[in-house]
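Participant: Here's a structure for you.
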Amino acid sequence: MSHVIEIKNLVVDFHHKRALDGLSLKVRQGEIFGFLGPNGAGKTTAIKALLGLISPDQGEVLLHGLPPSRLASRAKIGFLPEEATYYRFLSPAEILSFYGEIFGMPKRVLKDRIQNLLSLVGLSDVQNRPIHTFSKGMVQKVSLAQALIHEPETLILDEPTSGLDPLARMNLRKILTDLKKEGRTIFFSSHELSEVELICDSIAIIKEGRLVKAGLIHEVLGAYKDLPLERFFLETIRGEGEKS
């Protein structure tokens, strides 16, 4: 199975602080990959490097075998940020239309795609309301639809469950597992370890910019497979802290 995402010995420094310290990992095509770590571990920095939003000081990043600076690789990626910022006077339908036009989608195709996505994320009834009237969870649903507008091969999601209620989280799990069945790859960071445990094939745990554990989730848990992932994560991070 080919690797959709490859991070090789990635080093990123900010103002004399090392945010990523030789991070390496691979994500296989068609899997759901959970990217875990405590606050300040470097998860968002790694995602920014993946998207070409920052340039690493050392190392290499490849998306579908190409650097993130290449348009051909970016066109295959859908991104959901932890907190999206949209023009507050626009409606969900207008936002999706704007992004669809950026990707050069034909108007007739885009119109149908927008309606399908709004239905998928549960916003059909409010598609023409200005976004400044929305809750955080509703804006998150708009962001998910925006990430999917051009039918990307790979999704990169930063805290996708942020602001979602339990019903919306359940719907998100179904959306992501259905996308996996279609052969798409999903890479997401999350503090919601119960969600990760339910849907991920593989995980990586990082701390202070360094990789602690990575692999298929059952292999990473190993002899601790009967532990909840949250407890395993906490014990792993604390154990690393004792070593450092």
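Identifiers in this document derive from the order of the structure tokens: chains are assigned A, B, ..., residues are numbered from 1 separately in each chain, and ligands are numbered from 1 in order of occurrence.
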Contacts of A:Ala49 at 10 Å or less, counting only C-alpha atoms, minus same-chain residues fewer than 2 places along, as a ChimeraX atom specification?

Facilitator: /A:7,10-12,43-47,51-56,60-62,68

Participant: Would you mind exporting the chosen residues as a PDB file, in the first residue's frame, restricted to C-alpha atoms?

Facilitator:
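Result went into out_17.pdb, see below:
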```pdb
ATOM      1  CA  ILE A   7       7.238  13.331   6.911  1.00  0.00           C
ATOM      2  CA  LEU A  10      11.189  17.339  10.109  1.00  0.00           C
ATOM      3  CA  VAL A  11      12.704  20.176  12.152  1.00  0.00           C
ATOM      4  CA  VAL A  12      10.939  23.505  12.733  1.00  0.00           C
ATOM      5  CA  LYS A  43       0.706  18.935  16.098  1.00  0.00           C
ATOM      6  CA  THR A  44      -0.523  22.154  14.495  1.00  0.00           C
ATOM      7  CA  THR A  45       3.028  23.041  13.417  1.00  0.00           C
ATOM      8  CA  ALA A  46       3.317  19.672  11.675  1.00  0.00           C
ATOM      9  CA  ILE A  47      -0.017  20.226   9.934  1.00  0.00           C
ATOM     10  CA  LEU A  51       0.078  22.171   3.972  1.00  0.00           C
ATOM     11  CA  GLY A  52       3.090  24.244   2.946  1.00  0.00           C
ATOM     12  CA  LEU A  53       2.051  27.104   5.237  1.00  0.00           C
ATOM     13  CA  ILE A  54       5.458  27.094   6.916  1.00  0.00           C
ATOM     14  CA  SER A  55       8.855  26.020   5.624  1.00  0.00           C
ATOM     15  CA  PRO A  56      10.784  23.512   7.743  1.00  0.00           C
ATOM     16  CA  GLU A  60      11.083  16.837   3.932  1.00  0.00           C
ATOM     17  CA  VAL A  61       7.312  16.629   3.547  1.00  0.00           C
ATOM     18  CA  LEU A  62       5.566  14.796   0.713  1.00  0.00           C
ATOM     19  CA  PRO A  68       3.159  20.631  -0.569  1.00  0.00           C
TER      20      PRO A  68
END
```

Participant: Could you list, as a list in words, every residue within 8 Å of A:Gly137, counting only C-alpha atoms and ignoring same-chain residues fewer than 3 positions away?

Facilitator: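 So the residues in contact are Phe134, Gln140, Lys141, Ser162, Gly163, Leu164 and Asp165 of chain A.
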
Participant: Might you pull out every residue within 7 Å of stretch 203-210 of chain A, with only C-alpha atoms counted and same-chain residues fewer than 6 positions away left off, and present them as an MDAnalysis selection string?

Facilitator: chainID A and resid 19:23 33:38 40:42 216:217

Participant: As a tab-separated table (two decimals) with C-alpha atoms, in the first residue's frame, which residues of stretch 1-202 of chain A does DSSP assign to strand (DSSP E or B)?

Facilitator:
```tsv
chain	number	residue	atom	x	y	z
A	3	HIS	CA	1.98	6.27	1.43
A	4	VAL	CA	-0.06	9.41	0.89
A	5	ILE	CA	1.75	11.45	3.56
A	6	GLU	CA	5.44	11.20	4.33
A	7	ILE	CA	7.24	13.33	6.91
A	8	LYS	CA	10.99	12.78	7.05
A	9	ASN	CA	13.21	14.13	9.86
A	10	LEU	CA	11.19	17.34	10.11
A	11	VAL	CA	12.70	20.18	12.15
A	12	VAL	CA	10.94	23.50	12.73
A	13	ASP	CA	12.32	26.26	14.97
A	14	PHE	CA	10.38	29.29	16.20
A	17	LYS	CA	12.36	27.20	20.38
A	18	ARG	CA	12.27	23.85	18.61
A	19	ALA	CA	8.65	23.08	17.71
A	20	LEU	CA	9.43	19.88	15.77
A	21	ASP	CA	12.54	17.85	16.48
A	22	GLY	CA	13.27	15.30	13.77
A	23	LEU	CA	9.67	14.15	13.31
A	24	SER	CA	9.16	11.26	10.88
A	25	LEU	CA	5.96	9.38	10.06
A	26	LYS	CA	4.03	7.85	7.18
A	27	VAL	CA	0.31	7.63	6.44
A	28	ARG	CA	-0.96	4.92	4.15
A	32	ILE	CA	-7.81	7.00	9.10
A	33	PHE	CA	-4.78	8.27	11.00
A	34	GLY	CA	-4.98	9.91	14.42
A	35	PHE	CA	-2.27	12.46	15.28
A	36	LEU	CA	-2.06	12.82	19.06
A	58	GLN	CA	15.27	20.66	8.02
A	59	GLY	CA	13.60	17.58	6.63
A	60	GLU	CA	11.08	16.84	3.93
A	61	VAL	CA	7.31	16.63	3.55
A	62	LEU	CA	5.57	14.80	0.71
A	63	LEU	CA	1.85	14.72	-0.14
A	66	LEU	CA	5.04	15.69	-4.15
A	77	ILE	CA	-6.04	17.89	-0.17
A	78	GLY	CA	-9.04	19.09	1.83
A	79	PHE	CA	-8.22	20.98	5.03
A	80	LEU	CA	-10.32	21.74	8.10
A	154	THR	CA	-6.96	13.20	1.34
A	155	LEU	CA	-8.44	15.12	4.28
A	156	ILE	CA	-6.29	16.89	6.87
A	157	LEU	CA	-8.37	17.87	9.89
A	158	ASP	CA	-7.21	19.87	12.92
A	185	THR	CA	-7.26	9.04	3.39
A	186	ILE	CA	-8.01	10.98	6.58
A	187	PHE	CA	-5.33	12.49	8.81
A	188	PHE	CA	-6.55	14.33	11.88
A	189	SER	CA	-5.29	15.69	15.17
A	202	SER	CA	-3.27	4.02	12.92
```

Participant: What lies within 12 Å of A:Glu151 using only C-alpha atoms, ignoring chain neighbours under 4 positions off, as a ChimeraX atom specification?

Facilitator: /A:75-79,100,103,105,109-110,113-114,116-117,144-147,155,179,182-185

Participant: In stretch 63-131 of chain A, what's helix (DSSP H, G or I) per DSSP? Answer as a VMD selection string?

Facilitator: chain A and resid 71 to 74 92 to 102 107 to 121 124 to 126 131

Participant: Figure out the distance between atom CA of A:Ser190 and atom CA of A:Ser143, please, to one decimal in Å.

Facilitator: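 Answer for the atom CA of A:Ser143 to atom CA of A:Ser190 separation: 15.9 Å.
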
Participant: Find the residues near A:Leu198: any atom within 9 Å, counting only C-alpha atoms, skip ones fewer than 4 places away on the same chain, and give them as a CSV table (one decimal) with N, CA and C atoms, in the first residue's frame.

Facilitator:
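Final output, part03.csv:
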```csv
chain,number,residue,atom,x,y,z
A,173,ARG,N,-18.3,10.8,12.6
A,173,ARG,CA,-17.7,9.5,12.5
A,173,ARG,C,-18.2,8.8,11.3
A,193,LEU,N,-9.8,11.5,22.6
A,193,LEU,CA,-9.2,10.2,22.3
A,193,LEU,C,-10.3,9.1,22.2
A,194,SER,N,-11.4,9.3,22.7
A,194,SER,CA,-12.5,8.3,22.6
A,194,SER,C,-12.9,8.2,21.1
```
